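For reference, coords_11.cif is printed below; it contains mmCIF, C-alpha atoms.
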data_my_file
loop_
_atom_site.label_atom_id
_atom_site.label_comp_id
_atom_site.auth_asym_id
_atom_site.auth_seq_id
_atom_site.Cartn_x
_atom_site.Cartn_y
_atom_site.Cartn_z
CA MET C 1 12.09 -11.79 10.47
CA THR C 2 15.84 -11.29 10.43
CA GLU C 3 17.47 -8.42 8.57
CA ASN C 4 18.87 -10.86 5.96
CA GLN C 5 15.42 -12.30 5.32
CA ILE C 6 13.91 -8.84 4.89
CA LEU C 7 16.67 -7.84 2.46
CA LEU C 8 16.21 -11.06 0.48
CA LEU C 9 12.47 -10.43 0.20
CA GLN C 10 13.16 -6.91 -1.04
CA GLU C 11 15.52 -8.26 -3.70
CA ALA C 12 12.92 -10.86 -4.70
CA GLU C 13 10.31 -8.11 -5.04
CA THR C 14 12.65 -6.04 -7.23
CA LEU C 15 13.49 -9.00 -9.49
CA VAL C 16 9.90 -10.19 -9.88
CA SER C 17 8.59 -6.66 -10.48
CA ASP C 18 11.16 -6.22 -13.25
CA LEU C 19 10.27 -9.60 -14.82
CA LEU C 20 6.50 -9.05 -14.77
CA THR C 21 6.81 -5.46 -15.98
CA ASN C 22 9.27 -5.92 -18.84
CA LYS C 23 9.10 -9.58 -19.91
CA LEU C 24 5.40 -10.41 -19.61
CA SER C 25 3.24 -10.58 -22.75
CA LYS C 26 0.87 -7.63 -23.17
CA SER C 27 -1.95 -10.08 -23.85
CA ILE C 28 -1.80 -11.31 -20.24
CA ARG C 29 -4.54 -9.48 -18.39
CA PHE C 30 -4.98 -11.38 -15.11
CA HIS C 31 -1.62 -12.91 -14.12
CA THR C 32 0.12 -9.54 -13.95
CA LEU C 33 2.34 -7.84 -11.40
CA GLN C 34 -0.81 -6.52 -9.72
CA HIS C 35 -2.09 -10.08 -9.19
CA THR C 36 1.25 -11.11 -7.67
CA GLN C 37 1.21 -8.10 -5.34
CA GLU C 38 -2.34 -8.99 -4.29
CA VAL C 39 -1.29 -12.59 -3.58
CA VAL C 40 1.62 -11.32 -1.43
CA ALA C 41 -0.76 -9.02 0.48
CA ALA C 42 -3.26 -11.85 0.99
CA SER C 43 -0.43 -14.13 2.16
CA ASN C 44 0.56 -11.52 4.74
CA LEU C 45 -3.04 -11.20 5.93
CA LEU C 46 -3.55 -14.96 6.24
CA SER C 47 -0.16 -15.31 7.96
CA ASP C 48 -1.27 -12.80 10.59
CA GLN C 49 -4.50 -14.72 11.12
CA GLN C 50 -2.59 -18.01 11.48
CA GLN C 51 0.10 -16.35 13.64
CA LEU C 52 2.68 -17.91 11.34
CA PRO C 53 6.31 -18.06 12.59
CA ASP C 54 8.70 -15.63 10.90
CA ASP C 55 10.69 -18.36 9.11
CA ASP C 56 7.53 -19.83 7.56
CA ARG C 57 6.25 -16.36 6.62
CA PHE C 58 9.58 -15.67 4.91
CA VAL C 59 9.27 -18.85 2.80
CA LEU C 60 5.60 -18.14 2.03
CA LEU C 61 6.27 -14.59 0.80
CA LEU C 62 9.18 -15.76 -1.37
CA ALA C 63 6.89 -18.34 -2.99
CA ALA C 64 4.12 -15.74 -3.40
CA TRP C 65 6.47 -13.41 -5.28
CA PHE C 66 7.71 -16.14 -7.65
CA HIS C 67 4.61 -18.33 -8.10
CA ASP C 68 3.50 -16.78 -11.43
CA THR C 69 6.85 -15.66 -12.88
CA GLY C 70 6.67 -18.68 -15.22
CA TYR C 71 4.24 -16.74 -17.41
CA THR C 72 7.23 -14.75 -18.65
CA SER C 73 8.21 -17.85 -20.67
CA GLY C 74 5.32 -17.09 -23.03
CA GLN C 75 3.21 -20.12 -22.10
CA ALA C 76 0.53 -20.66 -19.47
CA LYS C 77 0.76 -24.46 -19.50
CA ASP C 78 3.02 -25.80 -16.76
CA HIS C 79 4.16 -22.28 -15.90
CA GLU C 80 4.76 -23.48 -12.32
CA THR C 81 7.81 -25.44 -13.49
CA VAL C 82 9.37 -22.28 -14.93
CA SER C 83 8.46 -20.38 -11.76
CA ILE C 84 10.21 -23.03 -9.66
CA LYS C 85 13.35 -22.74 -11.81
CA LEU C 86 13.42 -18.94 -11.51
CA ALA C 87 12.89 -19.14 -7.74
CA GLY C 88 15.53 -21.85 -7.43
CA ASP C 89 18.10 -19.85 -9.38
CA PHE C 90 17.40 -16.81 -7.21
CA LEU C 91 17.76 -18.78 -3.96
CA THR C 92 20.93 -20.50 -5.16
CA ALA C 93 22.48 -17.15 -6.10
CA HIS C 94 21.75 -15.88 -2.57
CA SER C 95 23.00 -19.04 -0.83
CA ALA C 96 19.63 -19.94 0.70
CA SER C 97 19.39 -23.18 2.67
CA GLU C 98 18.16 -26.39 1.09
CA GLU C 99 15.22 -26.43 3.51
CA THR C 100 14.11 -22.96 2.38
CA ARG C 101 14.47 -23.95 -1.26
CA ASN C 102 12.37 -27.14 -0.83
CA LYS C 103 9.62 -25.29 1.05
CA VAL C 104 9.41 -22.57 -1.63
CA ILE C 105 9.19 -25.24 -4.35
CA GLY C 106 6.48 -27.03 -2.36
CA CYS C 107 4.43 -23.83 -2.08
CA ILE C 108 4.66 -23.05 -5.81
CA ASN C 109 3.73 -26.65 -6.68
CA ALA C 110 0.73 -26.38 -4.36
CA THR C 111 -0.74 -23.62 -6.57
CA ARG C 112 -1.21 -26.11 -9.42
CA LEU C 113 -4.86 -26.93 -10.04
CA PRO C 114 -6.48 -28.92 -8.60
CA SER C 115 -4.92 -27.78 -5.32
CA ASN C 116 -3.60 -30.39 -2.91
CA PRO C 117 -1.64 -28.59 -0.15
CA THR C 118 0.05 -30.65 2.55
CA SER C 119 1.35 -27.99 5.00
CA THR C 120 0.13 -24.76 6.59
CA ILE C 121 2.12 -22.49 4.29
CA GLU C 122 0.94 -24.43 1.23
CA ARG C 123 -2.68 -24.06 2.35
CA ILE C 124 -2.15 -20.33 2.87
CA ILE C 125 -0.65 -19.71 -0.58
CA CYS C 126 -3.46 -21.70 -2.22
CA ASP C 127 -6.05 -19.51 -0.51
CA ALA C 128 -4.06 -16.34 -1.26
CA ASP C 129 -3.78 -17.25 -4.96
CA LEU C 130 -7.58 -17.60 -5.25
CA PHE C 131 -8.41 -14.94 -2.67
CA HIS C 132 -10.44 -12.96 -5.24
CA LEU C 133 -13.07 -15.72 -5.49
CA GLY C 134 -14.40 -14.58 -2.13
CA THR C 135 -14.26 -10.82 -2.68
CA ASN C 136 -16.23 -8.19 -4.55
CA ASP C 137 -13.47 -8.11 -7.18
CA PHE C 138 -14.52 -11.54 -8.47
CA LYS C 139 -16.45 -10.30 -11.53
CA GLU C 140 -13.70 -7.94 -12.69
CA LYS C 141 -10.94 -10.52 -12.13
CA ASN C 142 -13.04 -13.14 -13.90
CA ARG C 143 -13.46 -10.85 -16.91
CA LEU C 144 -9.69 -10.24 -17.09
CA LEU C 145 -9.00 -13.97 -16.86
CA ARG C 146 -11.36 -14.73 -19.76
CA GLU C 147 -9.72 -12.02 -21.87
CA GLU C 148 -6.33 -13.54 -21.06
CA ILE C 149 -7.45 -17.03 -22.06
CA ILE C 150 -8.81 -15.70 -25.35
CA GLU C 151 -5.87 -13.43 -26.25
CA PHE C 152 -2.90 -15.18 -24.61
CA GLY C 153 -4.18 -18.76 -24.63
CA GLY C 154 -5.74 -18.52 -28.09
CA LYS C 155 -9.00 -20.19 -27.00
CA ASP C 156 -12.34 -18.77 -28.12
CA VAL C 157 -14.52 -19.16 -25.01
CA SER C 158 -18.09 -17.86 -25.26
CA LYS C 159 -19.67 -16.08 -22.30
CA LYS C 160 -22.07 -18.97 -21.69
CA GLU C 161 -19.30 -21.55 -21.82
CA TRP C 162 -17.14 -19.41 -19.54
CA ARG C 163 -20.00 -19.06 -17.07
CA ARG C 164 -20.49 -22.82 -16.90
CA LEU C 165 -16.75 -23.40 -16.51
CA ASN C 166 -16.80 -21.00 -13.56
CA ILE C 167 -19.79 -22.77 -12.01
CA ARG C 168 -17.98 -26.11 -12.15
CA PHE C 169 -14.77 -24.56 -10.81
CA LEU C 170 -16.46 -22.80 -7.89
CA GLU C 171 -18.40 -25.95 -6.99
CA ALA C 172 -15.18 -27.96 -6.87
CA HIS C 173 -13.08 -25.30 -5.14
CA GLN C 174 -12.55 -25.15 -1.39
CA TYR C 175 -10.67 -22.81 0.90
CA PHE C 176 -8.26 -24.35 3.41
CA THR C 177 -7.53 -21.70 6.09
CA PRO C 178 -9.99 -20.81 8.89
CA TYR C 179 -10.05 -17.13 7.90
CA ALA C 180 -10.86 -17.91 4.26
CA LYS C 181 -13.57 -20.38 5.24
CA GLU C 182 -15.20 -17.83 7.53
CA LYS C 183 -14.77 -14.60 5.54
CA LEU C 184 -14.38 -15.60 1.88
CA ASP C 185 -16.45 -18.75 1.50
CA PRO C 186 -19.85 -17.03 2.03
CA ILE C 187 -19.07 -14.43 -0.64
CA LYS C 188 -17.84 -17.14 -3.01
CA THR C 189 -21.10 -19.02 -2.44
CA THR C 190 -23.03 -15.87 -3.35
CA HIS C 191 -21.07 -15.54 -6.62
CA LEU C 192 -21.79 -19.20 -7.41
CA ALA C 193 -25.52 -18.74 -6.78
CA GLU C 194 -25.61 -15.69 -9.06
CA LEU C 195 -23.86 -17.59 -11.86
CA LYS C 196 -26.25 -20.54 -11.50
CA LEU C 197 -29.30 -18.26 -11.54
CA LYS C 198 -28.05 -16.44 -14.62
CA ASP C 199 -27.31 -19.74 -16.35
CA LYS C 200 -30.75 -21.08 -15.47
CA ASN C 201 -32.54 -17.95 -16.70
CA ASP C 202 -30.49 -18.04 -19.88
CA GLY C 203 -31.55 -21.66 -20.44
CA ASP C 204 -35.24 -21.04 -19.60
CA MET C 205 -35.43 -18.04 -21.89
CA LYS C 206 -33.95 -19.90 -24.84
CA PRO C 207 -36.88 -20.39 -27.28
CA GLY C 208 -37.41 -23.28 -29.65
CA LYS C 209 -36.95 -22.99 -33.39
CA LYS C 210 -40.60 -22.14 -34.08
CA GLU C 211 -40.81 -19.83 -31.09
CA LYS C 212 -37.71 -18.04 -32.33
CA GLU C 213 -39.43 -17.21 -35.57
CA LYS C 214 -42.52 -15.96 -33.74
CA GLU C 215 -40.66 -14.08 -31.04
CA LYS C 216 -37.88 -12.67 -33.20
CA PRO C 217 -37.43 -9.09 -31.99
CA SER C 218 -37.90 -6.24 -34.37
CA ASN C 219 -35.01 -4.06 -35.50
CA ASN C 220 -36.31 -1.25 -33.31
CA LYS C 221 -36.24 -3.42 -30.20
CA VAL C 222 -32.74 -4.60 -31.01
CA ALA C 223 -31.64 -1.01 -31.45
CA VAL C 224 -33.17 0.01 -28.11
CA VAL C 225 -31.50 -2.89 -26.29
CA ALA C 226 -28.17 -2.11 -27.94
CA LYS C 227 -28.49 1.54 -27.00
CA LYS C 228 -29.26 0.72 -23.36
CA THR C 229 -26.36 -1.72 -23.23
CA ALA C 230 -23.99 0.87 -24.65
CA GLU C 231 -25.24 3.48 -22.17
CA ALA C 232 -24.77 1.06 -19.26
CA LYS C 233 -21.24 0.24 -20.40
CA ALA C 234 -20.43 3.93 -20.83
CA LYS C 235 -21.78 4.68 -17.35
CA ALA C 236 -19.79 1.83 -15.79
CA GLU C 237 -16.62 2.98 -17.58
CA LYS C 238 -17.21 6.55 -16.45
CA GLU C 239 -17.62 5.43 -12.81
CA LYS C 240 -14.47 3.33 -13.12
CA GLN C 241 -12.49 6.28 -14.50
CA SER C 242 -13.91 8.48 -11.74
CA GLU C 243 -12.69 6.06 -9.07
CA ARG C 244 -9.26 5.94 -10.72
CA GLY C 245 -9.17 9.73 -10.76
CA ILE C 246 -10.09 9.89 -7.07
CA SER C 247 -7.39 7.35 -6.20
CA THR C 248 -4.82 9.29 -8.24
CA VAL C 249 -5.70 12.58 -6.53
CA PHE C 250 -5.44 11.06 -3.05
CA ARG C 251 -2.13 9.39 -3.92
CA ILE C 252 -0.59 12.57 -5.36
CA VAL C 253 -1.72 14.69 -2.38
CA ALA C 254 -0.33 12.17 0.10
CA GLN C 255 2.99 11.92 -1.77
CA ASN C 256 3.35 15.70 -1.96
CA GLN C 257 2.63 16.12 1.74
CA ASN C 258 5.05 13.36 2.70
CA ASN C 259 7.74 14.95 0.52
CA LEU C 260 7.14 18.35 2.12
CA SER C 261 7.23 16.78 5.59
CA GLY C 262 10.55 15.12 4.78
CA MET C 263 11.94 18.44 3.54
CA ALA C 264 10.81 20.18 6.73
CA ASP C 265 12.48 17.54 8.92
CA SER C 266 15.67 17.82 6.87
CA LYS C 267 15.73 21.61 7.20
CA ALA C 268 15.13 21.39 10.94
CA ASN C 269 17.95 18.88 11.34
CA ILE C 270 20.32 21.15 9.41
CA LEU C 271 19.41 24.10 11.62
CA ILE C 272 19.88 22.07 14.80
CA SER C 273 23.30 20.86 13.62
CA VAL C 274 24.53 24.32 12.61
CA ASN C 275 23.43 25.97 15.87
CA SER C 276 24.87 23.12 17.94
CA ILE C 277 28.25 23.65 16.25
CA ILE C 278 28.07 27.41 16.91
CA LEU C 279 27.22 26.79 20.58
CA SER C 280 30.14 24.40 20.98
CA ILE C 281 32.50 27.02 19.47
CA ILE C 282 31.14 29.69 21.81
CA ILE C 283 31.60 27.49 24.87
CA SER C 284 35.09 26.29 23.93
CA THR C 285 36.55 29.50 22.44
CA LEU C 286 34.70 32.73 23.13
CA SER C 287 33.99 32.02 26.81
CA THR C 288 37.75 32.23 27.54
CA LYS C 289 37.94 35.63 25.83
CA LEU C 290 35.47 37.20 28.26
CA GLU C 291 38.12 37.53 30.96
CA THR C 292 40.37 39.65 28.76
CA ASN C 293 37.61 41.48 26.90
CA PRO C 294 34.42 42.05 28.98
CA ASN C 295 32.86 43.93 26.04
CA LEU C 296 32.23 40.54 24.37
CA LEU C 297 29.76 39.51 27.08
CA ILE C 298 26.67 41.04 25.46
CA PRO C 299 27.42 39.69 21.91
CA VAL C 300 28.15 36.20 23.32
CA ILE C 301 24.94 36.14 25.35
CA THR C 302 22.99 37.37 22.31
CA LEU C 303 24.46 34.67 20.08
CA VAL C 304 23.77 31.96 22.70
CA ILE C 305 20.13 33.08 23.00
CA VAL C 306 19.76 33.06 19.21
CA CYS C 307 21.24 29.57 18.84
CA VAL C 308 19.23 28.06 21.70
CA SER C 309 16.00 29.66 20.43
CA ALA C 310 16.60 28.38 16.89
CA ILE C 311 17.30 24.88 18.24
CA VAL C 312 14.14 24.93 20.40
CA PHE C 313 11.86 25.92 17.51
CA SER C 314 13.54 23.36 15.22
CA ILE C 315 12.88 20.66 17.80
CA LEU C 316 9.25 21.80 18.15
CA ALA C 317 8.92 21.49 14.36
CA THR C 318 10.05 17.86 14.38
CA ARG C 319 8.69 16.71 17.75
CA PRO C 320 6.17 13.89 17.13
CA ASN C 321 2.68 13.82 18.65
CA THR C 322 0.55 10.70 19.18
CA ASN C 323 -3.10 10.15 20.08
CA HIS C 324 -4.53 7.84 22.74
CA GLY C 325 -4.14 4.85 20.36
CA THR C 326 -7.50 3.16 20.98
CA PHE C 327 -10.97 3.06 19.44
CA THR C 328 -14.31 1.41 20.18
CA GLN C 329 -16.75 -0.52 18.00
CA GLU C 330 -19.09 2.44 18.30
CA ASP C 331 -16.40 4.72 16.85
CA ILE C 332 -16.10 2.40 13.83
CA HIS C 333 -19.87 2.11 13.32
CA ASN C 334 -20.17 5.90 13.54
CA LYS C 335 -17.15 6.34 11.20
CA LYS C 336 -15.33 8.55 13.70
CA THR C 337 -11.91 6.86 13.74
CA ASN C 338 -9.29 7.29 11.02
CA LEU C 339 -7.62 3.87 10.81
CA LEU C 340 -4.98 5.14 8.38
CA PHE C 341 -3.13 6.97 11.18
CA PHE C 342 -1.17 4.76 13.58
CA GLY C 343 -1.91 7.05 16.52
CA ASN C 344 -5.52 5.89 16.52
CA PHE C 345 -4.89 2.14 16.80
CA TYR C 346 -1.37 1.35 18.12
CA LYS C 347 -2.72 0.18 21.50
CA MET C 348 -5.39 -2.08 19.97
CA SER C 349 -5.03 -5.85 19.50
CA LEU C 350 -4.52 -7.25 15.99
CA PRO C 351 -7.98 -8.96 15.78
CA ASP C 352 -9.73 -5.70 16.74
CA TYR C 353 -7.72 -3.71 14.21
CA ASP C 354 -8.28 -6.32 11.49
CA TRP C 355 -12.04 -6.26 12.14
CA ALA C 356 -12.08 -2.46 11.99
CA MET C 357 -10.09 -2.43 8.72
CA GLN C 358 -12.50 -4.94 7.15
CA GLU C 359 -15.41 -2.70 8.14
CA MET C 360 -13.73 0.35 6.63
CA LEU C 361 -12.71 -1.38 3.39
CA ALA C 362 -16.28 -2.68 2.92
CA ASP C 363 -17.68 0.87 3.16
CA LYS C 364 -16.54 3.06 0.26
CA ASP C 365 -17.80 6.28 1.90
CA TYR C 366 -15.97 5.48 5.15
CA LEU C 367 -12.80 4.61 3.22
CA TYR C 368 -12.81 7.84 1.18
CA SER C 369 -13.66 9.85 4.31
CA SER C 370 -10.71 8.26 6.17
CA ILE C 371 -8.32 9.06 3.31
CA ALA C 372 -9.60 12.65 3.21
CA LYS C 373 -9.18 12.99 7.00
CA ASP C 374 -5.69 11.54 6.80
CA ASN C 375 -4.69 14.06 4.14
CA TYR C 376 -6.29 16.89 6.10
CA PHE C 377 -4.48 16.11 9.36
CA LEU C 378 -1.22 15.55 7.46
CA GLY C 379 -1.69 19.08 6.17
CA VAL C 380 -2.38 20.42 9.68
CA VAL C 381 0.79 18.78 11.02
CA LEU C 382 2.73 20.05 8.00
CA ALA C 383 1.52 23.64 8.59
CA ARG C 384 2.61 23.39 12.22
CA LYS C 385 6.06 22.13 11.19
CA TYR C 386 6.62 24.92 8.70
CA ARG C 387 5.34 27.57 11.13
CA PHE C 388 7.90 26.59 13.79
CA LEU C 389 10.54 26.15 11.12
CA ARG C 390 9.89 29.68 9.84
CA TYR C 391 10.26 31.02 13.40
CA ALA C 392 13.54 29.14 13.76
CA TYR C 393 14.98 30.43 10.48
CA ASN C 394 13.88 34.02 11.19
CA ILE C 395 15.44 33.90 14.66
CA PHE C 396 18.64 32.44 13.23
CA MET C 397 18.86 34.90 10.33
CA PHE C 398 18.06 38.15 12.16
CA GLY C 399 19.72 37.03 15.41
CA LEU C 400 22.92 36.18 13.58
CA ILE C 401 22.97 39.63 11.96
CA ILE C 402 22.40 41.35 15.33
CA SER C 403 25.06 39.19 17.00
CA MET C 404 27.64 39.96 14.32
CA LEU C 405 26.94 43.68 14.64
CA ALA C 406 27.29 43.40 18.42
CA PHE C 407 30.62 41.60 18.02
CA ALA C 408 31.84 44.31 15.62
CA VAL C 409 30.92 47.05 18.10
CA ALA C 410 32.49 45.15 21.01
CA ILE C 411 35.75 44.71 19.09
CA MET C 412 35.87 48.38 18.06
CA ILE C 413 35.21 49.80 21.56
CA PRO C 414 38.71 49.04 22.97
CA GLU C 415 40.31 50.66 19.89
CA ALA C 416 38.25 53.82 20.37
CA THR C 417 39.24 53.92 24.05
CA ASP C 418 42.91 53.68 23.14
CA VAL C 419 42.66 56.62 20.72
CA TYR C 420 41.01 59.00 23.19
CA LYS C 421 42.68 57.77 26.39
CA PRO C 422 43.93 60.91 28.36
CA GLY C 423 47.59 61.38 29.34
#

What is this structure when it is put down as structure tokens?
Amino acid sequence: MTENQILLLQEAETLVSDLLTNKLSKSIRFHTLQHTQEVVAASNLLSDQQQLPDDDRFVLLLAAWFHDTGYTSGQAKDHETVSIKLAGDFLTAHSASEETRNKVIGCINATRLPSNPTSTIERIICDADLFHLGTNDFKEKNRLLREEIIEFGGKDVSKKEWRRLNIRFLEAHQYFTPYAKEKLDPIKTTHLAELKLKDKNDGDMKPGKKEKEKEKPSNNKVAVVAKKTAEAKAKAEKEKQSERGISTVFRIVAQNQNNLSGMADSKANILISVNSIILSIIISTLSTKLETNPNLLIPVITLVIVCVSAIVFSILATRPNTNHGTFTQEDIHNKKTNLLFFGNFYKMSLPDYDWAMQEMLADKDYLYSSIAKDNYFLGVVLARKYRFLRYAYNIFMFGLIISMLAFAVAIMIPEATDVYKPG
């Protein structure tokens, strides 16, 4: 994409993030900023799979950012119309072409249900918008959507009714892109089968009026069931909080290490600049003084050695290292490769890398292990940077003191000679 397109996407992200953070009703649980970010990520993934041209990807991502902004109007019904207006105003303010505007509008309109996309980018955004149907996040997203319909939409939907609505929706739904049909459709089919089985069991277990009276559970049984349900919910909530805590820890550690790495690079750059300036002064000024005052030779040489040494260690602190950049399927199966570091995959093809990432994301232990390895090796690199940086600063500090003392002695020697000169 061009630089202007990238900047426009960044401005769209900023605007939409502000809208969905500050102007969205608190009762909206599903169509949040997180959902929009997930749709943008899914659009990027599907664009890579389709090898979409940059201009089409630009239009698709703009539509993905704006497609649910209409919820900020306070109504779910026909929110696409409001989204189109907000996107149109944004594009008009940034002097976007009429073609871009029409394509963005077409993509947002395509997300209306039932979906009826007519172009590649419209098919991609439809699949990206309902990407969660074919993932392991389906149950959680489905729960949030029901809560949103109850609280924001004001509709009292029972669990059984909601289940049957989902069965009808999943039966009618279809993915449009090859990737979604291959990767997401089987998982969606599994979710549909589970819902049907649960609905069937619920129907089979429903007793008649007389059977209800005979089979009415005792208070003790009800209490036991309630207790087990509460324990299961508490356990699930505890696991969820634990995962959030783990994610928070990893994120904080990574941020701290990145900040420290940036500080180290900044300090090294400062040291390189200062010593380069000193060297240029020595070459242009002090070198001419050596002819008239030979006593300055040792201080000048000392200062040059100090500056060059400090520069060398500063460069060593910031010099990047890369790995071989490849991995094998065996490495992925054995969980040996850290896919979070570019040095392990930059020579691989996109399909191979995408396959490896899918394998890692599907394995929680492999994912957590990769994050831990990434943080560990970031720490190793950081320790190396600060070790060389410490050498550079020590050389500069003590060397500068020694050089200044040497210059003072060299300047005083001629004066002493003049005082005690015979004759």

task = Identify, on the basis of only C-alpha atoms, every residue whose closest approach to Ser273 (chain C) does not exceed 10 Å; exclude the query and any residue fewer than 6 positions from it along the same chain; express the result as an MDAnalysis selection string.
result = chainID C and resid 267 279 311

How would the residues just picked look written out with C-alpha atoms as a short mmCIF file (atom, residue, chain, number, x, y, z; two decimals), in the coordinates of the input?
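Output file again.cif is given in full below:
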data_model
loop_
_atom_site.label_atom_id
_atom_site.label_comp_id
_atom_site.auth_asym_id
_atom_site.auth_seq_id
_atom_site.Cartn_x
_atom_site.Cartn_y
_atom_site.Cartn_z
CA LYS C 267 15.73 21.61 7.20
CA LEU C 279 27.22 26.79 20.58
CA ILE C 311 17.30 24.88 18.24
#

task = Run the PyMOL selection byres ((chain C and resi 166) around 12) mentally over the shown coordinates, then write out the matched residues as a PyMOL selection string, using the chain letters and numbers from the document.
result = chain C and resi 133+138-139+142-143+145-146+157+159-165+167-173+188+191-196+199

inquiry  = Nearest residue to Thr2 (chain C) out of C:Thr111, C:Arg390, C:Met404, C:Arg57, using all atoms listed in the file?
reply    =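 When distances to Thr2 (chain C) are compared using all atoms listed in the file, the smallest one comes from C:Arg57.
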
Residue nearest Lys85 (chain C) - candidates C:Ser43, C:Ser309, C:Thr100, C:Thr69, atoms counted: all atoms listed in the file =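 Nearest candidate to Lys85 (chain C) out of C:Ser43, C:Ser309, C:Thr100, C:Thr69: C:Thr69.
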
request  = Please evaluate the PyMOL selection byres ((chain C and resi 176) around 10) against the displayed coordinates and give the resulting residues as a list in words.
outcome  =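 Answer for the PyMOL selection byres ((chain C and resi 176) around 10): Ser115, Asn116, Pro117, Thr120, Glu122, Arg123, Ile124, Ile125, Cys126, Asp127, His173, Gln174, Tyr175, Thr177, Pro178, Tyr179, Ala180 and Lys181 of chain C.
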
request  = Rank C:Asn275, C:Asn338, C:Thr328, C:Ser27 by their smallest atom-to-atom distance to Val306 (chain C), using only C-alpha atoms, and report the top residue only.
outcome  = C:Asn275

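The gap separating CA of Ala64 (chain C) from CA of Thr118 (chain C) is 16.6 Å, in Å to one decimal.
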
Within 12 Å of Ile270 (chain C), counting all atoms listed in the file, which residues show up once you throw out same-chain ones fewer than 2 positions away? Write them as a PDB file with C-alpha atoms, in the frame of the given file, please.
ATOM      1  CA  MET C 263      11.940  18.440   3.540  1.00  0.00           C
ATOM      2  CA  ALA C 264      10.810  20.180   6.730  1.00  0.00           C
ATOM      3  CA  ASP C 265      12.480  17.540   8.920  1.00  0.00           C
ATOM      4  CA  SER C 266      15.670  17.820   6.870  1.00  0.00           C
ATOM      5  CA  LYS C 267      15.730  21.610   7.200  1.00  0.00           C
ATOM      6  CA  ALA C 268      15.130  21.390  10.940  1.00  0.00           C
ATOM      7  CA  ILE C 272      19.880  22.070  14.800  1.00  0.00           C
ATOM      8  CA  SER C 273      23.300  20.860  13.620  1.00  0.00           C
ATOM      9  CA  VAL C 274      24.530  24.320  12.610  1.00  0.00           C
ATOM     10  CA  ASN C 275      23.430  25.970  15.870  1.00  0.00           C
ATOM     11  CA  SER C 276      24.870  23.120  17.940  1.00  0.00           C
ATOM     12  CA  ILE C 277      28.250  23.650  16.250  1.00  0.00           C
ATOM     13  CA  ALA C 310      16.600  28.380  16.890  1.00  0.00           C
ATOM     14  CA  ILE C 311      17.300  24.880  18.240  1.00  0.00           C
ATOM     15  CA  SER C 314      13.540  23.360  15.220  1.00  0.00           C
ATOM     16  CA  ILE C 315      12.880  20.660  17.800  1.00  0.00           C
ATOM     17  CA  THR C 318      10.050  17.860  14.380  1.00  0.00           C
ATOM     18  CA  LEU C 389      10.540  26.150  11.120  1.00  0.00           C
ATOM     19  CA  ALA C 392      13.540  29.140  13.760  1.00  0.00           C
ATOM     20  CA  TYR C 393      14.980  30.430  10.480  1.00  0.00           C
TER      21      TYR C 393
END

Ground truth for the PyMOL selection byres ((chain C and resi 325) around 10), written as a ChimeraX atom specification = /C:322-324,326-327,341-348

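When CA of Lys141 (chain C) is paired with CA of Gly245 (chain C), their separation reads 20.4 Å.
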
Taking (5.0, 22.9, 15.7) in the file's coordinates as the center, which residues reach within 8 Å of it, counting all atoms listed in the file, put as a PDB file with C-alpha atoms, in the coordinates of the input?
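Below you can see selection.pdb, which holds the result:
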ATOM      1  CA  PHE C 313      11.860  25.920  17.510  1.00  0.00           C
ATOM      2  CA  LEU C 316       9.250  21.800  18.150  1.00  0.00           C
ATOM      3  CA  ALA C 317       8.920  21.490  14.360  1.00  0.00           C
ATOM      4  CA  THR C 318      10.050  17.860  14.380  1.00  0.00           C
ATOM      5  CA  ARG C 319       8.690  16.710  17.750  1.00  0.00           C
ATOM      6  CA  VAL C 381       0.790  18.780  11.020  1.00  0.00           C
ATOM      7  CA  ALA C 383       1.520  23.640   8.590  1.00  0.00           C
ATOM      8  CA  ARG C 384       2.610  23.390  12.220  1.00  0.00           C
ATOM      9  CA  LYS C 385       6.060  22.130  11.190  1.00  0.00           C
ATOM     10  CA  TYR C 386       6.620  24.920   8.700  1.00  0.00           C
ATOM     11  CA  ARG C 387       5.340  27.570  11.130  1.00  0.00           C
ATOM     12  CA  PHE C 388       7.900  26.590  13.790  1.00  0.00           C
ATOM     13  CA  LEU C 389      10.540  26.150  11.120  1.00  0.00           C
TER      14      LEU C 389
END

Coordinates-based distance that separates CA of Leu378 (chain C) from CA of Ala362 (chain C) (Å, one decimal) = 24.1 Å

message = Report as a PyMOL selection string all protein, DNA and RNA residues lying within 9 Å of Val304 (chain C), evaluated on only C-alpha atoms, omitting residues in the same chain fewer than 3 positions from it.
response = chain C and resi 278-279+282+299-301+307-309

request  = Go ahead and find all residues with at least one atom no further than 8 Å from (-21.8, 8.6, 5.3) in the file's coordinates, using all atoms listed in the file; report them as a list of chain:residue names.
outcome  =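 Looking at atoms near the point gives C:Lys335, C:Asp365, C:Tyr366.
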
request  = Find the spatial neighbours of region 103-105 of chain C, counting only C-alpha atoms, within a cut-off of 10 Å - ignore same-chain residues fewer than 6 positions away - and output them as a list in words.
outcome  =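 These residues fall inside the cut-off: Asp56, Phe58, Val59, Leu60, Leu61, Leu62, Ala63, Ala64, Phe66, His67, Glu80, Thr81, Ser83, Ile84, Lys85, Ala87, Gly88, Leu91, Ser119, Ile121 and Glu122 of chain C.
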
request  = Pick out the closest residue to Ser247 (chain C) from this set: C:Ile371, C:Leu382, C:Val82, C:Ile413. Count all atoms listed in the file.
outcome  = C:Ile371

Adding 6 Å on each side of the box along x, y and z that holds all listed atoms of region 114-126 of chain C, could you give its centre and edge lengths in Å to one decimal, as AutoDock Vina command-line options?
--center_x -2.2 --center_y -25.2 --center_z -1.0 --size_x 20.6 --size_y 22.9 --size_z 27.2
